[in-house]
Structures are given as structure tokens and as C-alpha cells.
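Trainee: This one is query05.csv, CSV, C-alpha atoms.
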chain,number,residue,atom,x,y,z
A,290,MET,CA,-105.8,0.9,55.0
A,291,GLU,CA,-107.1,4.4,55.4
A,292,PHE,CA,-105.7,6.8,58.0
A,293,GLN,CA,-108.1,9.6,58.9
A,294,LYS,CA,-107.1,12.8,57.3
A,295,ASN,CA,-108.0,15.0,60.2
A,296,LYS,CA,-105.7,12.8,62.4
A,297,ILE,CA,-102.8,13.3,59.9
A,298,THR,CA,-103.3,17.0,59.8
A,299,ARG,CA,-103.3,17.2,63.6
A,300,PHE,CA,-100.2,15.0,63.9
A,301,LEU,CA,-98.2,16.8,61.3
A,302,THR,CA,-98.2,19.9,63.4
A,303,LYS,CA,-94.8,19.9,64.9
A,304,PRO,CA,-94.5,20.0,68.7
A,305,LYS,CA,-91.6,21.7,70.4
A,306,GLN,CA,-88.4,20.1,69.1
A,307,VAL,CA,-87.1,17.3,71.4
A,308,LYS,CA,-83.6,16.1,71.3
A,309,THR,CA,-82.4,12.7,72.4
A,310,THR,CA,-80.1,12.4,75.4
A,311,THR,CA,-77.2,10.9,73.3
A,312,ASN,CA,-74.9,12.7,70.9
A,313,ALA,CA,-74.7,9.8,68.3
A,314,MET,CA,-77.3,10.1,65.5
A,315,LYS,CA,-79.7,7.1,65.5
A,316,LYS,CA,-80.5,5.3,62.3
A,317,VAL,CA,-84.2,4.2,62.0
A,318,LEU,CA,-85.9,2.1,59.4
A,319,VAL,CA,-89.6,2.9,58.8
A,320,VAL,CA,-91.5,0.0,57.1
A,321,GLU,CA,-94.9,1.5,56.3
A,322,ASP,CA,-97.0,1.6,53.1
A,323,ASP,CA,-99.0,4.7,53.8
A,324,PRO,CA,-97.0,7.8,52.6
A,325,ASN,CA,-98.8,10.1,54.9
A,326,ILE,CA,-97.8,8.1,58.0
A,327,VAL,CA,-94.3,7.8,56.6
A,328,ASP,CA,-94.1,11.6,56.4
A,329,LEU,CA,-95.4,12.0,59.9
A,330,LEU,CA,-92.9,9.5,61.4
A,331,GLU,CA,-90.0,11.0,59.4
A,332,ILE,CA,-90.8,14.5,60.7
A,333,HIS,CA,-90.8,13.5,64.3
A,334,LEU,CA,-87.8,11.2,64.0
A,335,GLN,CA,-85.8,14.0,62.5
A,336,ASP,CA,-86.8,16.2,65.4
A,337,LEU,CA,-85.2,13.4,67.6
A,338,GLU,CA,-82.0,13.8,65.4
A,339,CYS,CA,-82.5,10.4,63.7
A,340,GLU,CA,-81.5,9.4,60.2
A,341,VAL,CA,-84.5,7.8,58.5
A,342,ASP,CA,-84.5,5.0,55.9
A,343,LYS,CA,-87.8,3.9,54.4
A,344,ALA,CA,-89.4,0.9,52.9
A,345,MET,CA,-93.0,1.0,51.4
A,346,ASP,CA,-93.6,-2.8,51.4
A,347,GLY,CA,-92.7,-5.8,53.4
A,348,LYS,CA,-90.4,-7.4,50.9
A,349,VAL,CA,-88.1,-4.3,50.7
A,350,GLY,CA,-88.4,-3.8,54.5
A,351,LEU,CA,-87.2,-7.3,55.2
A,352,GLU,CA,-84.3,-7.0,52.8
A,353,LYS,CA,-83.2,-3.7,54.4
A,354,GLY,CA,-83.6,-5.1,57.9
A,355,LEU,CA,-81.5,-8.1,57.1
A,356,ASN,CA,-78.8,-6.3,55.2
A,357,ASN,CA,-78.3,-3.0,57.1
A,358,THR,CA,-77.6,-1.8,60.6
A,359,TYR,CA,-80.2,0.2,62.4
A,360,ASP,CA,-80.8,1.5,65.9
A,361,LEU,CA,-84.6,1.0,65.6
A,362,ILE,CA,-87.1,-0.5,63.1
A,363,LEU,CA,-90.6,0.9,63.0
A,364,LEU,CA,-92.7,-1.9,61.5
A,365,ASP,CA,-96.3,-1.8,60.3
A,366,VAL,CA,-98.4,-4.9,60.7
A,367,MET,CA,-100.4,-4.6,57.5
A,368,LEU,CA,-98.0,-4.4,54.5
A,369,PRO,CA,-97.9,-5.6,50.9
A,370,TYR,CA,-96.1,-8.8,50.1
A,371,LYS,CA,-95.0,-9.6,53.6
A,372,ASP,CA,-96.8,-8.6,56.8
A,373,GLY,CA,-95.1,-7.1,59.8
A,374,ILE,CA,-95.5,-10.2,62.0
A,375,GLU,CA,-93.8,-12.4,59.4
A,376,ILE,CA,-91.0,-9.8,59.0
A,377,CYS,CA,-90.5,-9.6,62.8
A,378,ARG,CA,-90.4,-13.4,63.0
A,379,THR,CA,-87.8,-13.7,60.2
A,380,LEU,CA,-85.5,-11.0,61.6
A,381,ARG,CA,-85.4,-12.6,65.0
A,382,ALA,CA,-84.9,-16.1,63.5
A,383,LYS,CA,-81.9,-14.6,61.6
A,384,ASP,CA,-80.5,-13.2,64.9
A,385,VAL,CA,-81.2,-9.5,64.0
A,386,ARG,CA,-81.4,-7.9,67.4
A,387,THR,CA,-82.4,-4.4,66.4
A,388,PRO,CA,-85.2,-3.1,68.6
A,389,ILE,CA,-88.6,-3.3,66.8
A,390,LEU,CA,-91.6,-1.0,67.4
A,391,MET,CA,-94.7,-2.5,65.8
A,392,LEU,CA,-97.3,-0.1,64.3
A,393,THR,CA,-100.9,-1.4,64.0
A,394,ALA,CA,-104.2,0.0,63.1
A,395,ARG,CA,-106.0,-3.1,64.1
A,396,SER,CA,-108.0,-3.3,67.3
A,397,GLU,CA,-107.6,-7.0,67.8
A,398,GLU,CA,-105.3,-7.8,70.7
A,399,ILE,CA,-104.0,-10.8,68.8
A,400,ASP,CA,-101.8,-8.6,66.6
A,401,LYS,CA,-100.2,-7.0,69.7
A,402,VAL,CA,-99.7,-10.3,71.3
A,403,LEU,CA,-98.2,-11.9,68.2
A,404,GLY,CA,-95.8,-9.0,67.7
A,405,LEU,CA,-94.5,-9.2,71.2
A,406,GLU,CA,-94.2,-13.0,71.1
A,407,MET,CA,-92.3,-12.8,67.8
A,408,GLY,CA,-89.7,-10.6,69.5
A,409,ALA,CA,-90.9,-7.1,69.0
A,410,ASP,CA,-89.8,-4.7,71.8
A,411,ASP,CA,-93.0,-2.6,71.8
A,412,TYR,CA,-96.1,-1.7,69.9
A,413,ILE,CA,-98.2,1.4,69.3
A,414,THR,CA,-101.8,1.5,67.9
A,415,LYS,CA,-102.8,4.0,65.2
A,416,PRO,CA,-104.0,6.7,65.4
A,417,PHE,CA,-101.4,7.7,68.0
A,418,SER,CA,-100.4,11.0,69.5
A,419,VAL,CA,-97.0,12.6,68.8
A,420,ARG,CA,-96.3,12.6,72.5
A,421,GLU,CA,-96.9,8.9,72.9
A,422,PHE,CA,-94.8,8.1,69.8
A,423,ILE,CA,-91.9,10.1,70.9
A,424,ALA,CA,-92.1,8.6,74.4
A,425,ARG,CA,-92.0,5.1,73.1
A,426,VAL,CA,-89.1,5.8,70.8
A,427,LYS,CA,-87.1,7.6,73.4
A,428,ALA,CA,-87.7,4.8,75.9
A,429,ILE,CA,-86.3,2.2,73.5
A,430,PHE,CA,-83.2,4.4,72.7
A,431,ARG,CA,-82.7,5.0,76.5
A,432,ARG,CA,-82.8,1.2,77.3
A,433,MET,CA,-80.4,0.4,74.4
A,434,ASP,CA,-78.0,3.2,75.5
A,435,LEU,CA,-78.0,1.9,79.1
A,436,MET,CA,-77.3,-1.6,77.9
A,437,GLU,CA,-74.3,-0.4,75.7
A,438,ARG,CA,-72.9,1.4,78.8
A,439,GLY,CA,-73.5,-1.6,81.0
A,440,GLU,CA,-75.7,0.5,83.3
A,441,ASN,CA,-78.7,-1.7,83.3
A,442,ILE,CA,-77.0,-4.7,85.0
A,443,PRO,CA,-79.2,-5.3,88.0
A,444,GLU,CA,-78.2,-5.1,91.7
A,445,ASN,CA,-74.9,-6.9,91.9
A,446,ASN,CA,-73.1,-5.1,89.0
A,447,LYS,CA,-71.1,-8.1,88.0
A,448,THR,CA,-69.8,-8.0,84.4
A,449,LYS,CA,-69.0,-11.7,84.2
A,450,LEU,CA,-71.4,-14.4,85.5
A,451,ASP,CA,-70.2,-18.0,85.6
A,452,PHE,CA,-72.5,-20.9,86.1
A,453,GLY,CA,-70.4,-23.9,84.9
A,454,ASP,CA,-71.2,-24.5,81.3
A,455,LEU,CA,-73.1,-21.3,81.1
A,456,LYS,CA,-71.1,-18.1,81.1
A,457,ILE,CA,-72.3,-14.5,80.6
A,458,ASP,CA,-70.2,-11.5,79.8
A,459,THR,CA,-72.5,-8.4,80.3
A,460,ASP,CA,-69.9,-6.0,78.9
A,461,LEU,CA,-69.6,-7.9,75.6
A,462,ARG,CA,-73.2,-9.0,75.7
A,463,LYS,CA,-71.9,-12.5,75.1
A,464,VAL,CA,-73.4,-15.8,76.3
A,465,THR,CA,-71.7,-19.1,75.9
A,466,ILE,CA,-72.6,-22.7,76.6
A,467,LYS,CA,-69.6,-25.1,76.8
A,468,SER,CA,-67.6,-22.3,75.1
A,469,GLU,CA,-70.1,-22.1,72.1
A,470,ARG,CA,-71.6,-18.7,71.7
A,471,VAL,CA,-75.4,-18.5,72.0
A,472,GLU,CA,-77.1,-15.7,70.0
A,473,LEU,CA,-79.9,-14.0,72.0
A,474,SER,CA,-82.4,-11.3,71.1
A,475,PRO,CA,-82.2,-8.1,73.2
A,476,LYS,CA,-85.2,-9.2,75.3
A,477,GLU,CA,-83.8,-12.7,75.8
A,478,PHE,CA,-80.5,-11.2,76.9
A,479,GLU,CA,-82.1,-8.8,79.3
A,480,LEU,CA,-84.3,-11.5,80.8
A,481,LEU,CA,-81.2,-13.7,81.3
A,482,ILE,CA,-79.0,-11.2,83.0
A,483,LEU,CA,-81.8,-10.0,85.2
A,484,LEU,CA,-82.5,-13.5,86.5
A,485,ALA,CA,-78.9,-14.7,86.5
A,486,SER,CA,-77.8,-11.6,88.5
A,487,ASN,CA,-80.3,-12.4,91.2
A,488,PRO,CA,-80.2,-16.2,91.7
A,489,GLY,CA,-83.1,-17.5,93.8
A,490,LYS,CA,-85.2,-14.3,93.5
A,491,SER,CA,-88.6,-15.0,91.9
A,492,TYR,CA,-90.1,-12.6,89.5
A,493,ASP,CA,-93.8,-12.7,88.5
A,494,ARG,CA,-94.7,-12.0,84.9
A,495,SER,CA,-96.0,-8.5,85.4
A,496,LYS,CA,-92.7,-7.5,87.2
A,497,LEU,CA,-90.6,-8.9,84.3
A,498,LEU,CA,-92.7,-7.0,81.8
A,499,ASN,CA,-92.2,-3.8,83.7
A,500,ILE,CA,-88.5,-4.2,84.1
A,501,VAL,CA,-87.5,-5.7,80.7
A,502,TRP,CA,-90.0,-4.1,78.4
A,503,GLY,CA,-90.3,-0.9,80.3
A,504,TYR,CA,-94.1,-0.7,80.1
A,505,ASP,CA,-97.0,-2.2,81.9
A,506,PHE,CA,-98.5,-4.5,79.3
A,507,ASP,CA,-101.6,-5.4,81.2
A,508,GLY,CA,-103.0,-8.7,80.0
A,509,PHE,CA,-99.9,-9.7,78.0
A,510,GLU,CA,-98.1,-11.6,80.8
A,511,HIS,CA,-98.0,-14.8,78.6
A,512,THR,CA,-95.6,-12.9,76.3
A,513,VAL,CA,-93.0,-13.5,79.1
A,514,ASN,CA,-93.7,-17.2,78.8
A,515,SER,CA,-92.9,-17.2,75.1
A,516,HIS,CA,-89.6,-15.4,75.6
A,517,ILE,CA,-88.6,-17.6,78.5
A,518,ASN,CA,-89.4,-20.7,76.4
A,519,ARG,CA,-87.2,-19.4,73.6
A,520,LEU,CA,-84.4,-18.6,76.0
A,521,ARG,CA,-84.7,-22.1,77.5
A,522,ASN,CA,-84.5,-23.6,74.1
A,523,LYS,CA,-81.1,-21.9,73.6
A,524,ILE,CA,-79.5,-22.5,77.0
A,525,GLU,CA,-81.1,-25.5,78.6
A,526,PRO,CA,-79.5,-29.0,77.9
A,527,ASP,CA,-82.9,-30.7,78.7
A,528,LEU,CA,-86.1,-28.7,78.3
A,529,GLN,CA,-88.0,-31.3,80.4
A,530,LYS,CA,-85.6,-30.7,83.3
A,531,PRO,CA,-84.3,-27.1,83.1
A,532,ILE,CA,-81.3,-26.4,85.3
A,533,TYR,CA,-80.8,-22.6,84.8
A,534,ILE,CA,-84.2,-20.9,84.6
A,535,LEU,CA,-86.7,-22.5,87.0
A,536,THR,CA,-90.4,-22.0,87.4
A,537,THR,CA,-91.6,-20.8,90.8
A,538,TRP,CA,-95.1,-22.3,90.7
A,539,GLY,CA,-97.9,-19.8,91.3
A,540,VAL,CA,-95.4,-16.9,91.0
A,541,GLY,CA,-93.2,-16.8,87.9
A,542,TYR,CA,-89.5,-17.5,87.3
A,543,ARG,CA,-86.2,-17.6,89.0
A,544,PHE,CA,-82.6,-18.5,88.3
A,545,ASN,CA,-81.3,-21.6,90.0
A,546,GLU,CA,-79.6,-20.4,93.2
A,547,GLU,CA,-77.8,-23.8,93.7
A,548,LEU,CA,-75.5,-23.4,90.7
If you took the structure in this file and wrote it as C-alpha cells, what would it be?
Mentor:
Amino acid sequence: MEFQKNKITRFLTKPKQVKTTTNAMKKVLVVEDDPNIVDLLEIHLQDLECEVDKAMDGKVGLEKGLNNTYDLILLDVMLPYKDGIEICRTLRAKDVRTPILMLTARSEEIDKVLGLEMGADDYITKPFSVREFIARVKAIFRRMDLMERGENIPENNKTKLDFGDLKIDTDLRKVTIKSERVELSPKEFELLILLASNPGKSYDRSKLLNIVWGYDFDGFEHTVNSHINRLRNKIEPDLQKPIYILTTWGVGYRFNEEL
């Protein structure tokens, strides 16, 4: 994979230093096999006061993602040994909930769709501008900081939600079914608390993308379906007759207001 040299030269020119809004240093894993792009990302992540760890192939990247704690993983799609889609799928299957920003040079929309459906939080297509890259990273950090402080709980501001067998503690980010803990990805948890905090309120797919992902992913509304299906697999006693997350036909989804 070749990255245009004129693009690299332009991108390596540092913009005015930007600091994150939090005092704690963020730790970021960059999984990318192009050393020029790694240098580029490291420069601007350090401007954001991030500590950067690096992996130059998919095998090492997966091992680091599974065995270390990060605030963000930047994950290229095309990698030696294991591609980014496979790594993302494995991390989510192992309940690694670290936010993932996919990097892709491919123009095919299928890569973006697959990344989001496997549990990635966002994607960015190469070549990208420094401004766009920084905006995407800061948006992810901002959402995670808000979640940690409990400031993203929608509308009713309840910290404990009780629906019989299903119980949600938004402070502890804990979900249980019949007292058994259920492990959710960040996006699955955000979808659940949004819907459960507003029983009976229907959300269309575009609205859910804007609220939960923080961007308008035009054309990727089916990504919501994939996340809802995975969430239902984890909390619904009978997938054929869901009792918590209901489909509002012709609109989208809502949480059962009769519980």
C-alpha cells in the first residue's frame, strides 16, 4: 500500500498545537504497517498529549490490544498477517471495549460498513487531513470522558434502571440479567441506556447514528441493525419475541414502555 509522498509531506507539517480537554494523558495504540503514516499519527497524537504505542502488523496489534489497556486503538484495515476487520471482530468478541478508529485507504464502502458492524466506533479514509483526524480523535475522547462522568445519560438522569430481570447501573456501566453480568461493547451500552432511559420513545436509525456514534453516517443506517441484533442476543430471553428492545415498524426502535 503506497501513501502519496506529497500527502505525507503536507500532513507532517504541524498545525497549531491542540490540547485535549482532560488532564489525564490518553494511551493510544496505532496498528499500521506504513512507517510514514505511523510517524504522522504519532506526531499529532503527541500534540494531543497522548502516549503512543505502535504495532506494525496485525498479529502484534491484536496481541497488544488484548493484553494492554488503551484509551483508543487506531486500526488500519490492510495489515500483514491479520487484517483490521478480523482484529476488530476478535477484540469485540473478547469483550475489549476500547474505542476503535478504523483507518482505510480503500474506496469500497464495504470496508467501512464491515468495520462499523464489527464494533468499530468510527472510520477515516486515507488520505485524510490533520484537522479531520484530530476532530475524530477528540470526539471519541470527549464521548468516553462524558460516559465516565455519567454526563451522557439522556433526559431522565437516572443512574439505576430496573426492568425486572434486566438491571442497568449507569454509574458502574453494569448490566445484569437475573443477577448475571452482561458484557456490552461501548456502543451496545450507549444504545441500551439511550433507549432504556426513554421507554416508548421511537428512534429512527439516522437519529441513533447521530446520537450514539456522534457523526452522520449517511447510508450506514443498517449498522444500527447489526448493533441492535448483537444487543438483543445478549439481553433478550427469546429473540423471536423480544421484550426489551422493540421494533417500531417503519420508524426504528424503542424500549418497551410497559415494563
Trainee: Given the point (-81.2, 4.6, 64.5) in the coordinates of this file, which residues lie within 9 Å, counting only C-alpha atoms, and how would they look as an MDAnalysis selection string?
Mentor: chainID A and resid 314:318 339:341 358:362 430
Trainee: Just checking: using all atoms listed in the file, which residue out of A:Lys490, A:Gly373, A:Ala382, A:Val327 ends up closest to Asp400 in chain A?
Mentor: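 Between A:Lys490, A:Gly373, A:Ala382, A:Val327, the residue approaching Asp400 in chain A most closely is A:Gly373.
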Trainee: Which of these, A:Ala424, A:Val419, A:Ala485, A:Leu480, has the shortest distance to Asn499 in chain A once you count all atoms listed in the file?
Mentor: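 Selected residue with least distance to Asn499 in chain A: A:Leu480.
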Trainee: Hey, can you check how far CA of Lys476 in chain A sits from CA of Ala394 in chain A?
Mentor: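 Interatomic distance here is 24.4 Å.
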Trainee: List the neighbours of Ile524 in chain A out to 8 Å using all atoms listed in the file; skip same-chain residues closer than 2 positions along the sequence, and give me the result as a ChimeraX atom specification.
Mentor: /A:455,466,471,520-522,526,533
Trainee: Taking C-alpha atoms for each residue, export the selection above as a compact mmCIF listing (two decimals), keeping the file's coordinate frame.
Mentor:
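Written out: selection_26.txt:
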# COMPACT_ATOMS: atom_id res chain seq x y z
CA LEU A 455 -73.10 -21.30 81.10
CA ILE A 466 -72.60 -22.70 76.60
CA VAL A 471 -75.40 -18.50 72.00
CA LEU A 520 -84.40 -18.60 76.00
CA ARG A 521 -84.70 -22.10 77.50
CA ASN A 522 -84.50 -23.60 74.10
CA PRO A 526 -79.50 -29.00 77.90
CA TYR A 533 -80.80 -22.60 84.80
Trainee: Identify, on the basis of all atoms listed in the file, every residue whose closest approach to Phe452 in chain A does not exceed 12 Å; exclude the query and any residue fewer than 2 positions from it along the same chain; express the result as a list in words.
Mentor: Lys449, Leu450, Asp454, Leu455, Lys456, Ile457, Asp458, Val464, Thr465, Ile466, Lys467, Ala485, Ser486, Pro488, Ile524, Ile532, Tyr533, Ile534, Phe544, Asn545, Glu546, Glu547 and Leu548 of chain A
Trainee: Quick check, in Å to one decimal: how far apart do CA of Asp410 in chain A and CA of Ser474 in chain A lie?
Mentor: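 These two atoms are separated by 9.9 Å.
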Trainee: Do you know which residues lie at most 10 Å from (-83.3, -9.2, 57.3), with coordinates as in the file and all atoms listed in the file counted, and could you write them as a PyMOL selection string?
Mentor: chain A and resi 348-358+376-377+379-385
Trainee: Residues as selected, C-alpha atoms, written as a PDB file, in the frame of the given file, can you do that?
Mentor:
ATOM      1  CA  LYS A 348     -90.400  -7.400  50.900  1.00  0.00           C
ATOM      2  CA  VAL A 349     -88.100  -4.300  50.700  1.00  0.00           C
ATOM      3  CA  GLY A 350     -88.400  -3.800  54.500  1.00  0.00           C
ATOM      4  CA  LEU A 351     -87.200  -7.300  55.200  1.00  0.00           C
ATOM      5  CA  GLU A 352     -84.300  -7.000  52.800  1.00  0.00           C
ATOM      6  CA  LYS A 353     -83.200  -3.700  54.400  1.00  0.00           C
ATOM      7  CA  GLY A 354     -83.600  -5.100  57.900  1.00  0.00           C
ATOM      8  CA  LEU A 355     -81.500  -8.100  57.100  1.00  0.00           C
ATOM      9  CA  ASN A 356     -78.800  -6.300  55.200  1.00  0.00           C
ATOM     10  CA  ASN A 357     -78.300  -3.000  57.100  1.00  0.00           C
ATOM     11  CA  THR A 358     -77.600  -1.800  60.600  1.00  0.00           C
ATOM     12  CA  ILE A 376     -91.000  -9.800  59.000  1.00  0.00           C
ATOM     13  CA  CYS A 377     -90.500  -9.600  62.800  1.00  0.00           C
ATOM     14  CA  THR A 379     -87.800 -13.700  60.200  1.00  0.00           C
ATOM     15  CA  LEU A 380     -85.500 -11.000  61.600  1.00  0.00           C
ATOM     16  CA  ARG A 381     -85.400 -12.600  65.000  1.00  0.00           C
ATOM     17  CA  ALA A 382     -84.900 -16.100  63.500  1.00  0.00           C
ATOM     18  CA  LYS A 383     -81.900 -14.600  61.600  1.00  0.00           C
ATOM     19  CA  ASP A 384     -80.500 -13.200  64.900  1.00  0.00           C
ATOM     20  CA  VAL A 385     -81.200  -9.500  64.000  1.00  0.00           C
TER      21      VAL A 385
END
Trainee: Of the candidates A:Leu334, A:Ala409, A:Leu528, A:Met367, which one gets nearest to Glu477 in chain A if we count only C-alpha atoms?
Mentor: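 Once distances to Glu477 in chain A are computed over only C-alpha atoms, the minimum belongs to A:Ala409.
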